[in-house]
$ cat coords.txt   # compact mmCIF, C-alpha atoms (C1' of nucleotides)
# COMPACT_ATOMS: atom_id res chain seq x y z
CA MET A 1 2.04 46.52 0.88
CA ILE A 2 4.10 44.97 3.64
CA ALA A 3 5.78 42.63 1.24
CA GLU A 4 6.54 45.49 -1.10
CA SER A 5 8.19 47.56 1.56
CA ILE A 6 10.29 44.61 2.67
CA PHE A 7 11.40 43.98 -0.90
CA LYS A 8 12.18 47.61 -1.42
CA SER A 9 14.17 48.04 1.74
CA GLU A 10 15.99 44.74 1.07
CA PHE A 11 16.84 46.02 -2.39
CA ASP A 12 17.95 49.47 -1.29
CA LYS A 13 19.84 48.37 1.74
CA ASN A 14 23.54 48.49 1.39
CA SER A 15 25.11 45.27 2.38
CA VAL A 16 28.52 44.27 3.65
CA PHE A 17 28.51 41.63 0.93
CA LEU A 18 29.86 42.18 -2.53
CA ASP A 19 28.63 38.79 -3.65
CA ARG A 20 27.00 36.68 -1.00
CA ASN A 21 27.12 33.55 -3.15
CA LEU A 22 30.89 33.47 -2.97
CA ILE A 23 30.84 32.79 0.75
CA MET A 24 28.26 30.05 0.77
CA PRO A 25 29.82 26.86 2.13
CA SER A 26 28.83 25.06 -1.08
CA TYR A 27 30.75 27.43 -3.33
CA ILE A 28 34.04 26.10 -4.61
CA PRO A 29 36.64 28.80 -5.15
CA ASP A 30 39.16 28.66 -7.99
CA GLU A 31 42.01 28.76 -5.58
CA LEU A 32 42.33 26.18 -2.85
CA PRO A 33 45.07 27.35 -0.50
CA PHE A 34 47.15 24.71 1.31
CA ARG A 35 45.73 21.92 -0.82
CA GLU A 36 48.27 22.12 -3.65
CA LYS A 37 49.80 18.82 -2.69
CA GLN A 38 46.44 17.07 -2.60
CA ILE A 39 45.44 18.53 -5.95
CA GLU A 40 48.70 17.29 -7.37
CA GLU A 41 48.23 13.79 -5.99
CA VAL A 42 44.67 13.40 -7.17
CA SER A 43 45.66 14.70 -10.61
CA ARG A 44 48.56 12.28 -10.74
CA VAL A 45 46.29 9.37 -9.96
CA ILE A 46 43.75 10.10 -12.68
CA ALA A 47 46.17 11.43 -15.31
CA PRO A 48 46.77 7.98 -16.89
CA ALA A 49 43.22 8.15 -18.25
CA LEU A 50 44.41 10.90 -20.60
CA LYS A 51 46.94 8.52 -22.09
CA GLY A 52 44.41 5.76 -22.52
CA GLN A 53 45.28 3.81 -19.41
CA ARG A 54 43.03 2.85 -16.55
CA PRO A 55 43.71 4.98 -13.49
CA GLU A 56 43.91 3.23 -10.15
CA ASN A 57 40.98 3.60 -7.78
CA LEU A 58 41.52 6.14 -5.06
CA PHE A 59 40.19 6.45 -1.55
CA ILE A 60 40.24 9.90 0.00
CA TYR A 61 39.80 10.29 3.71
CA GLY A 62 39.57 13.44 5.80
CA LYS A 63 37.37 15.06 8.40
CA VAL A 64 34.59 17.47 7.48
CA GLY A 65 35.73 20.74 6.01
CA THR A 66 39.18 19.57 4.99
CA GLY A 67 38.59 20.21 1.31
CA LYS A 68 37.96 16.70 0.02
CA THR A 69 34.99 17.63 -2.09
CA SER A 70 36.43 20.95 -3.20
CA VAL A 71 39.71 19.41 -4.32
CA SER A 72 37.97 16.56 -6.12
CA LYS A 73 35.58 18.85 -7.94
CA HIS A 74 38.39 21.22 -8.80
CA VAL A 75 40.49 18.45 -10.29
CA MET A 76 37.46 17.06 -12.07
CA LYS A 77 36.78 20.39 -13.71
CA LYS A 78 40.37 20.77 -14.92
CA PHE A 79 40.44 17.16 -16.06
CA ASN A 80 37.29 17.47 -18.11
CA GLU A 81 38.48 20.75 -19.62
CA PHE A 82 41.79 19.26 -20.61
CA ALA A 83 40.19 16.15 -22.05
CA SER A 84 37.68 18.03 -24.18
CA ASN A 85 40.21 20.62 -25.35
CA ASN A 86 42.52 17.86 -26.53
CA LYS A 87 39.76 15.63 -27.83
CA ILE A 88 40.61 12.81 -25.49
CA ASN A 89 38.07 10.11 -24.68
CA ALA A 90 38.14 10.54 -20.94
CA GLU A 91 35.46 11.83 -18.60
CA CYS A 92 34.97 12.38 -14.92
CA TYR A 93 31.64 12.37 -13.08
CA TYR A 94 30.61 13.33 -9.58
CA VAL A 95 27.99 11.56 -7.50
CA ASN A 96 26.99 12.50 -3.97
CA CYS A 97 26.09 9.27 -2.23
CA ARG A 98 24.24 10.98 0.58
CA THR A 99 21.30 11.36 -1.76
CA HIS A 100 22.22 8.46 -4.04
CA ASN A 101 22.65 5.91 -1.32
CA THR A 102 21.96 2.61 -3.06
CA VAL A 103 23.52 0.76 -5.97
CA TYR A 104 20.45 1.48 -8.03
CA LYS A 105 20.43 5.19 -7.31
CA VAL A 106 24.12 5.55 -8.03
CA LEU A 107 23.91 3.64 -11.32
CA ASN A 108 20.90 5.68 -12.25
CA LYS A 109 22.63 8.97 -11.56
CA ILE A 110 25.67 7.88 -13.52
CA ALA A 111 23.56 6.78 -16.49
CA LYS A 112 21.62 10.01 -16.39
CA ASP A 113 24.83 12.05 -16.46
CA ILE A 114 26.36 10.00 -19.23
CA TYR A 115 23.33 10.07 -21.46
CA ALA A 116 22.66 13.72 -20.79
CA GLU A 117 19.46 13.86 -18.79
CA GLU A 118 17.88 10.81 -20.33
CA SER A 119 16.22 9.13 -17.37
CA PHE A 120 16.37 5.43 -16.62
CA ILE A 121 14.15 5.36 -13.60
CA GLY A 122 12.07 2.21 -13.63
CA PHE A 123 14.51 0.20 -15.70
CA PRO A 124 16.13 -2.80 -14.04
CA SER A 125 19.59 -2.17 -12.69
CA THR A 126 21.16 -4.75 -15.00
CA PHE A 127 19.85 -2.78 -17.94
CA ILE A 128 21.27 0.46 -16.58
CA TYR A 129 24.52 -1.27 -15.91
CA GLU A 130 24.65 -2.54 -19.51
CA LYS A 131 23.98 0.97 -20.72
CA ILE A 132 26.93 2.28 -18.77
CA LEU A 133 29.08 -0.53 -20.06
CA GLU A 134 27.97 0.14 -23.60
CA TYR A 135 29.01 3.75 -23.23
CA SER A 136 32.48 3.04 -21.92
CA LYS A 137 33.02 0.46 -24.65
CA GLN A 138 33.54 3.38 -27.03
CA GLN A 139 37.11 3.44 -25.77
CA LYS A 140 36.13 5.81 -22.99
CA HIS A 141 38.08 6.12 -19.80
CA ILE A 142 35.63 7.12 -17.15
CA ILE A 143 36.24 8.19 -13.57
CA PHE A 144 33.49 8.33 -11.00
CA ILE A 145 33.87 10.43 -7.90
CA LEU A 146 31.67 8.94 -5.20
CA ASP A 147 31.39 11.49 -2.43
CA GLU A 148 30.32 10.31 1.03
CA ILE A 149 30.80 6.80 -0.25
CA ASP A 150 30.21 5.35 3.22
CA LYS A 151 26.53 6.23 2.81
CA VAL A 152 26.02 3.65 0.07
CA ARG A 153 24.19 0.80 1.71
CA ASP A 154 25.46 -2.00 -0.48
CA LEU A 155 28.84 -0.67 -1.40
CA ASP A 156 30.33 -4.13 -1.87
CA GLU A 157 27.90 -4.77 -4.68
CA LEU A 158 28.44 -1.38 -6.28
CA MET A 159 32.21 -1.71 -6.25
CA TYR A 160 31.94 -5.23 -7.56
CA ASN A 161 29.79 -4.04 -10.45
CA LEU A 162 32.02 -1.13 -11.33
CA THR A 163 35.29 -3.04 -11.14
CA ARG A 164 33.88 -6.06 -12.91
CA ALA A 165 33.16 -3.76 -15.82
CA ASN A 166 36.86 -3.48 -16.49
CA ASP A 167 37.08 -7.19 -17.23
CA GLU A 168 34.46 -6.81 -19.92
CA LEU A 169 36.05 -3.79 -21.50
CA ASP A 170 39.09 -4.11 -23.68
CA LYS A 171 39.51 -0.51 -24.75
CA GLY A 172 37.79 1.70 -22.19
CA SER A 173 37.95 1.66 -18.42
CA ILE A 174 36.11 2.65 -15.27
CA SER A 175 37.78 3.97 -12.14
CA VAL A 176 36.41 5.15 -8.82
CA ILE A 177 37.45 7.90 -6.46
CA GLY A 178 35.76 7.30 -3.11
CA ILE A 179 35.49 10.07 -0.54
CA SER A 180 34.62 9.62 3.12
CA ASN A 181 35.06 11.25 6.48
CA ASN A 182 34.68 7.97 8.26
CA VAL A 183 37.79 5.81 8.51
CA LEU A 184 36.04 3.04 10.36
CA PHE A 185 33.67 2.26 7.53
CA LYS A 186 36.46 0.58 5.58
CA ASP A 187 36.49 -2.25 8.09
CA ARG A 188 32.91 -3.14 7.33
CA LEU A 189 33.76 -3.75 3.71
CA ASP A 190 34.41 -7.03 2.01
CA ALA A 191 38.18 -7.65 1.74
CA ARG A 192 38.05 -7.56 -2.06
CA THR A 193 36.06 -4.33 -2.13
CA LYS A 194 38.48 -2.79 0.29
CA SER A 195 41.60 -3.67 -1.64
CA SER A 196 39.98 -2.57 -4.87
CA LEU A 197 38.72 0.77 -3.58
CA CYS A 198 41.93 1.51 -1.73
CA GLU A 199 44.42 0.85 -4.53
CA LYS A 200 45.58 4.33 -3.67
CA GLU A 201 44.82 6.25 -0.52
CA LEU A 202 45.03 9.90 0.37
CA VAL A 203 44.47 11.60 3.70
CA PHE A 204 43.43 15.24 4.01
CA PRO A 205 44.68 16.78 7.27
CA PRO A 206 42.61 19.42 9.08
CA TYR A 207 43.61 23.04 8.62
CA ASN A 208 45.38 24.82 11.46
CA ALA A 209 44.47 28.30 12.68
CA GLU A 210 46.93 30.19 10.45
CA GLU A 211 45.79 28.31 7.38
CA LEU A 212 42.18 29.03 8.20
CA ILE A 213 42.97 32.73 8.50
CA GLU A 214 44.50 32.72 5.04
CA ILE A 215 41.55 30.83 3.61
CA LEU A 216 39.04 33.17 5.18
CA LYS A 217 40.97 36.24 4.04
CA LYS A 218 40.87 35.03 0.46
CA ARG A 219 37.19 34.27 0.66
CA ALA A 220 36.34 37.51 2.42
CA LYS A 221 38.12 39.44 -0.30
CA LEU A 222 35.83 37.84 -2.88
CA ALA A 223 32.58 38.00 -1.01
CA PHE A 224 32.75 41.13 1.12
CA LYS A 225 33.07 44.74 0.08
CA GLU A 226 36.46 46.21 0.67
CA GLY A 227 36.97 47.01 4.34
CA ALA A 228 33.58 45.61 5.26
CA ILE A 229 35.07 43.03 7.56
CA SER A 230 37.76 43.62 10.14
CA THR A 231 40.94 41.57 10.25
CA SER A 232 40.34 40.64 13.85
CA ALA A 233 36.85 39.38 13.04
CA ILE A 234 38.37 37.06 10.46
CA SER A 235 40.98 35.85 12.93
CA LEU A 236 38.29 35.21 15.50
CA ALA A 237 36.21 33.13 13.10
CA ALA A 238 39.32 31.17 12.18
CA ALA A 239 40.17 30.64 15.83
CA TYR A 240 36.71 29.32 16.61
CA ALA A 241 36.80 26.90 13.71
CA ALA A 242 40.36 25.79 14.49
CA LYS A 243 39.41 25.08 18.06
CA GLU A 244 36.48 22.96 17.01
CA SER A 245 38.05 20.77 14.36
CA GLY A 246 40.03 22.71 11.78
CA ASP A 247 36.96 22.79 9.64
CA ALA A 248 37.03 25.32 6.82
CA ARG A 249 33.36 24.82 6.14
CA THR A 250 32.15 26.06 9.53
CA ALA A 251 34.72 28.86 9.40
CA VAL A 252 33.21 30.08 6.15
CA LEU A 253 29.73 29.61 7.51
CA LEU A 254 30.62 31.79 10.50
CA LEU A 255 31.65 34.61 8.21
CA LEU A 256 28.47 34.27 6.20
CA LYS A 257 26.27 34.40 9.29
CA ALA A 258 28.28 37.26 10.77
CA GLY A 259 27.75 39.20 7.55
CA GLU A 260 24.04 38.51 7.63
CA ILE A 261 23.85 39.72 11.20
CA ALA A 262 25.72 42.90 10.29
CA ASP A 263 23.31 43.49 7.40
CA ARG A 264 20.31 43.03 9.62
CA LEU A 265 21.72 45.61 12.02
CA SER A 266 22.60 47.88 9.08
CA LEU A 267 26.25 47.91 10.02
CA ASN A 268 28.86 48.82 7.44
CA ILE A 269 31.54 46.65 8.88
CA VAL A 270 31.64 43.19 10.42
CA GLU A 271 33.42 43.15 13.77
CA ASP A 272 34.27 40.54 16.40
CA GLU A 273 30.92 40.99 18.02
CA GLN A 274 29.02 39.77 14.96
CA VAL A 275 31.28 36.76 14.64
CA LYS A 276 30.56 35.92 18.27
CA ALA A 277 26.85 36.29 17.67
CA ALA A 278 27.16 34.14 14.55
CA LYS A 279 28.91 31.46 16.54
CA SER A 280 26.20 31.22 19.15
CA LEU A 281 23.59 31.31 16.39
CA VAL A 282 25.26 28.39 14.61
CA GLU A 283 25.63 26.48 17.85
CA GLU A 284 22.00 27.08 18.69
CA GLU A 285 20.91 25.83 15.30
CA ILE A 286 22.92 22.69 15.83
CA VAL A 287 21.37 22.14 19.25
CA LEU A 288 17.86 22.72 17.99
CA SER A 289 18.18 20.42 15.02
CA LEU A 290 19.73 17.83 17.30
CA ILE A 291 16.78 18.00 19.67
CA SER A 292 14.24 17.58 16.91
CA THR A 293 15.79 14.28 15.86
CA LEU A 294 15.56 12.79 19.35
CA PRO A 295 13.00 10.05 20.04
CA SER A 296 10.07 11.41 22.00
CA GLN A 297 10.94 9.51 25.16
CA GLN A 298 14.36 11.11 25.16
CA LYS A 299 12.78 14.49 24.54
CA LEU A 300 10.72 13.94 27.65
CA VAL A 301 13.83 13.17 29.67
CA LEU A 302 15.46 16.33 28.39
CA TYR A 303 12.29 18.25 29.12
CA ALA A 304 12.31 16.94 32.68
CA ILE A 305 15.88 18.18 33.07
CA ALA A 306 15.01 21.61 31.68
CA LYS A 307 11.94 21.91 33.91
CA LEU A 308 13.82 20.94 37.05
CA SER A 309 16.67 23.30 36.20
CA LEU A 310 14.20 26.15 36.13
CA ASP A 311 12.42 25.15 39.31
CA LYS A 312 12.93 27.74 42.03
CA LYS A 313 13.49 25.14 44.67
CA PRO A 314 15.64 22.29 43.47
CA ILE A 315 14.44 19.46 45.66
CA LYS A 316 17.68 17.77 46.48
CA SER A 317 20.22 20.32 45.38
CA LEU A 318 21.62 21.38 48.70
CA ILE A 319 24.60 23.21 49.99
CA GLY A 320 27.35 24.28 47.65
CA LEU A 321 25.75 22.92 44.56
CA GLU A 322 25.52 25.19 41.58
CA GLN A 323 22.06 26.19 40.42
CA GLY A 324 20.73 23.80 37.81
CA VAL A 325 22.75 20.78 38.90
CA LEU A 326 20.44 17.82 39.28
CA PHE A 327 20.51 14.27 40.60
CA SER A 328 19.96 11.39 38.25
CA GLY A 329 17.28 9.99 40.51
CA GLU A 330 15.19 13.12 40.78
CA ILE A 331 15.23 13.53 37.02
CA TYR A 332 13.95 10.01 36.58
CA GLU A 333 11.14 10.72 39.02
CA GLU A 334 10.21 13.91 37.20
CA TYR A 335 10.36 12.08 33.90
CA THR A 336 7.99 9.34 35.07
CA ARG A 337 5.65 12.00 36.44
CA LEU A 338 5.61 13.81 33.11
CA ALA A 339 5.24 10.62 31.14
CA LYS A 340 2.21 9.63 33.19
CA LYS A 341 0.73 13.08 32.85
CA PHE A 342 0.99 12.98 29.08
CA LYS A 343 0.02 9.33 28.91
CA GLU A 344 3.33 8.33 27.38
CA SER A 345 4.89 4.98 28.06
CA ILE A 346 7.68 4.94 30.60
CA VAL A 347 11.07 3.40 29.92
CA SER A 348 12.90 1.51 32.63
CA ALA A 349 15.46 3.20 34.81
CA ARG A 350 18.14 1.23 33.04
CA TRP A 351 17.18 2.55 29.68
CA TYR A 352 16.80 6.00 31.11
CA ARG A 353 20.49 5.81 32.00
CA GLU A 354 21.29 4.98 28.38
CA TYR A 355 19.34 8.05 27.35
CA ILE A 356 21.33 10.16 29.77
CA SER A 357 24.63 8.83 28.43
CA GLU A 358 23.50 9.55 24.91
CA LEU A 359 22.42 13.08 25.73
CA GLU A 360 25.88 13.62 27.15
CA VAL A 361 27.54 12.32 24.00
CA TYR A 362 25.45 14.77 22.00
CA GLY A 363 26.72 17.53 24.24
CA LEU A 364 23.24 18.53 25.36
CA ILE A 365 24.00 17.85 29.01
CA ILE A 366 27.08 17.74 31.20
CA THR A 367 27.44 15.09 33.87
CA THR A 368 29.85 14.44 36.69
CA ASN A 369 30.14 11.64 39.19
CA SER A 370 28.95 12.60 42.63
CA GLY A 371 31.93 12.93 44.92
CA LYS A 372 32.12 13.54 48.64
CA GLY A 373 29.23 15.28 50.31
CA ILE A 374 26.62 13.12 48.60
CA LYS A 375 25.65 9.73 49.80
CA GLY A 376 25.54 6.95 47.30
CA GLN A 377 27.05 6.91 43.86
CA THR A 378 25.12 8.88 41.28
CA ARG A 379 25.49 11.27 38.44
CA LEU A 380 25.09 14.99 38.74
CA ILE A 381 23.49 16.35 35.63
CA LYS A 382 23.40 19.83 34.21
CA LEU A 383 22.01 21.23 31.00
CA ALA A 384 24.74 22.35 28.60
CA SER A 385 22.84 25.34 27.25
CA ASP A 386 20.12 27.75 28.24
CA PRO A 387 17.32 25.82 30.04
CA THR A 388 14.61 28.31 29.10
CA LYS A 389 15.31 27.95 25.41
CA ILE A 390 15.52 24.17 25.60
CA ARG A 391 12.28 23.99 27.53
CA ASP A 392 10.43 26.23 25.08
CA VAL A 393 11.65 24.29 22.08
CA LEU A 394 10.69 21.00 23.67
CA GLU A 395 7.25 22.26 24.58
CA LYS A 396 6.72 23.14 20.95
CA GLU A 397 8.14 19.79 19.83
CA LEU A 398 6.21 17.70 22.30
CA PHE A 399 2.86 19.41 22.58
CA GLY A 400 2.95 21.90 19.73
CA ASN A 401 0.39 20.17 17.59
C1' DC B 1 34.25 -1.94 60.06
C1' DA B 2 30.00 -3.49 58.30
C1' DT B 3 26.16 -2.00 56.15
C1' DC B 4 23.26 0.84 53.50
C1' DC B 5 22.38 3.94 49.79
C1' DA B 6 21.64 5.33 45.20
C1' DC B 7 22.86 4.62 41.71
C1' DA B 8 26.27 2.88 37.25
C1' DG B 9 26.60 -0.10 33.73
C1' DG B 10 27.30 -5.17 31.88
C1' DA B 11 24.75 -9.49 30.25
C1' DA B 12 21.02 -11.89 28.50
C1' DG B 13 17.03 -12.03 26.27
C1' DG B 14 12.36 -10.57 24.13
C1' DA B 15 9.58 -8.04 20.59
C1' DC B 16 9.58 -6.14 16.15
C1' DG B 17 10.52 -4.69 11.58
C1' DG B 18 13.18 -4.72 7.45
C1' DG B 19 16.29 -6.66 4.05
C1' DG B 20 18.27 -10.56 1.71
C1' DG B 21 18.38 -15.16 0.18
C1' DT B 22 15.93 -19.12 -1.91
C1' DA C 1 6.04 -15.95 -1.08
C1' DC C 2 8.39 -17.35 2.68
C1' DC C 3 11.76 -17.70 6.10
C1' DC C 4 15.73 -16.42 8.46
C1' DC C 5 18.94 -13.35 10.16
C1' DC C 6 20.13 -9.05 11.93
C1' DG C 7 19.91 -4.60 14.08
C1' DT C 8 17.19 -1.70 17.18
C1' DC C 9 14.87 -0.76 21.20
C1' DC C 10 13.76 -2.10 25.45
C1' DT C 11 13.25 -5.06 30.01
C1' DT C 12 14.94 -7.86 33.76
C1' DC C 13 18.48 -9.21 36.53
C1' DC C 14 22.72 -8.59 38.26
C1' DT C 15 27.26 -7.08 40.12
C1' DG C 16 30.13 -3.01 41.16
C1' DT C 17 31.33 1.45 43.43
C1' DG C 18 32.24 5.40 46.32
C1' DG C 19 30.68 7.70 49.91
C1' DA C 20 27.62 8.15 54.14
C1' DT C 21 25.97 6.04 58.37
C1' DG C 22 25.47 3.48 62.64

$ encode --input "coords.txt" --output "structure tokens"
Amino acid sequence: MIAESIFKSEFDKNSVFLDRNLIMPSYIPDELPFREKQIEEVSRVIAPALKGQRPENLFIYGKVGTGKTSVSKHVMKKFNEFASNNKINAECYYVNCRTHNTVYKVLNKIAKDIYAEESFIGFPSTFIYEKILEYSKQQKHIIFILDEIDKVRDLDELMYNLTRANDELDKGSISVIGISNNVLFKDRLDARTKSSLCEKELVFPPYNAEELIEILKKRAKLAFKEGAISTSAISLAAAYAAKESGDARTAVLLLLKAGEIADRLSLNIVEDEQVKAAKSLVEEEIVLSLISTLPSQQKLVLYAIAKLSLDKKPIKSLIGLEQGVLFSGEIYEEYTRLAKKFKESIVSARWYREYISELEVYGLIITTNSGKGIKGQTRLIKLASDPTKIRDVLEKELFGN
DNA sequence: CATCCACAGGAAGGACGGGGGT
DNA sequence: ACCCCCGTCCTTCCTGTGGATG
């Protein structure tokens, strides 16, 4: 009965969305504004495969939401279309290394794609490797896109395997396009792997605010009903994302969430207010998921901070100090008290300081050095977001079950 | 000015678990 | 199967620092 009425009202409700799927961050639009040059470069690199030559390996670097994956997938699609339309023996495959994070998993995924869903799980990796080799021996020129390539644990071995294949092939070839948002990871690689993977390199710059506005406008036109989102709301979402990192992904996510909020409130048009609400919602989600990954000792420290922030009478916080600003020492005392109470082990004060530094890096707390007015040299610590919310979440996390 | 305070944060080293080599 | 090495997490010990205090 309840379920039915929810389904019915969900179904009847008019939404600001025309097609919600088109504004999911995972959706790849046909048009990729401001990435023409990158599309051209990637295409240029892999084009030799269409003439029966081995393309050079390519390394693509760029921060999150700069269009690396979208551009690669876009080019891959066009490449495969062109190859099959013209009956050319060239193919391009995509592997996300976040889930396929070992040599074995990557080889397996590749083999599975090549041999259309035939699974090789359980077979030794040399066998899988031979299978892949066998396939490309039919004069095939194959390109593998390895997304989030820095996640592969033994990348040296994988690259060695894939490049070695070319020595054993006389007609076909194998090339790799590696994608990463981490520049530093290159330094951890073997020199040979590095020079092989980075035969060509391409950097994707972040989008600026104007570009983000254009991108969002295009997307909004696809996903929202006409006039269902205001121009200023779009600009605001773009401005937020530009300020953070020039990340198109979060910009799009903001619009999606803002639309959902508008739907829930049965509004016909998405305004600035919903974008603002979406932003704090997204931020909150990030904070909450961050907290849940913390080790329990660190959760206790954070809990101590939240509890003290809410205390009516901050013990040491004296004249002129903002409410909720705490001393490092009093937090440590509270933490040890709590740890004893819940029969948890207690980390040393030294390690506690590491925890504090880490919490600051995560942006969960804000710290300043004590200046004049306070004796000794210590850190003043303040929670970065709402103490009540943090405390409640931590209570659930720590003692919930 | 010396001294104390209340810490910050570096260095060294111990326990432990996993992954890789033989 | 075994050992070794390495990274992680943590402790102990230590020196440094900026302001208050006598």

$ residues_near_point --input "coords.txt" --point "(15.4, 0.1, 18.4)" --cutoff "12 Å" --atoms "all atoms listed in the file" --output "list of chain:residue names"
A:Pro295, A:Trp351, B:DA15, B:DC16, B:DG17, C:DG7, C:DT8, C:DC9, C:DC10

$ interface_residues --input "coords.txt" --of "chain A" --to "chain B" --cutoff "8 Å" --atoms "only C-alpha atoms (C1' of nucleotides)" --output "ChimeraX atom specification"
/A:329,375-379

$ closest_residue --input "coords.txt" --among "A:Arg153, A:Lys140, A:Arg192, A:Arg350" --to "chain C" --atoms "all atoms listed in the file"
A:Arg350

$ closest_residue --input "coords.txt" --among "A:Phe144, A:Ile286, A:Ala111, A:Ser125" --to "Glu91 of chain A" --atoms "all atoms listed in the file"
A:Phe144

$ interface_residues --input "coords.txt" --of "chain C" --to "chain A" --cutoff "12 Å" --atoms "all atoms listed in the file" --output "compact mmCIF listing (two decimals) with C-alpha atoms (C1' of nucleotides), in the frame of the given file"
# COMPACT_ATOMS: atom_id res chain seq x y z
C1' DC C 9 14.87 -0.76 21.20
C1' DC C 10 13.76 -2.10 25.45
C1' DT C 11 13.25 -5.06 30.01
C1' DT C 12 14.94 -7.86 33.76
C1' DC C 13 18.48 -9.21 36.53
C1' DG C 16 30.13 -3.01 41.16
C1' DT C 17 31.33 1.45 43.43
C1' DG C 18 32.24 5.40 46.32
C1' DG C 19 30.68 7.70 49.91
C1' DA C 20 27.62 8.15 54.14
C1' DT C 21 25.97 6.04 58.37
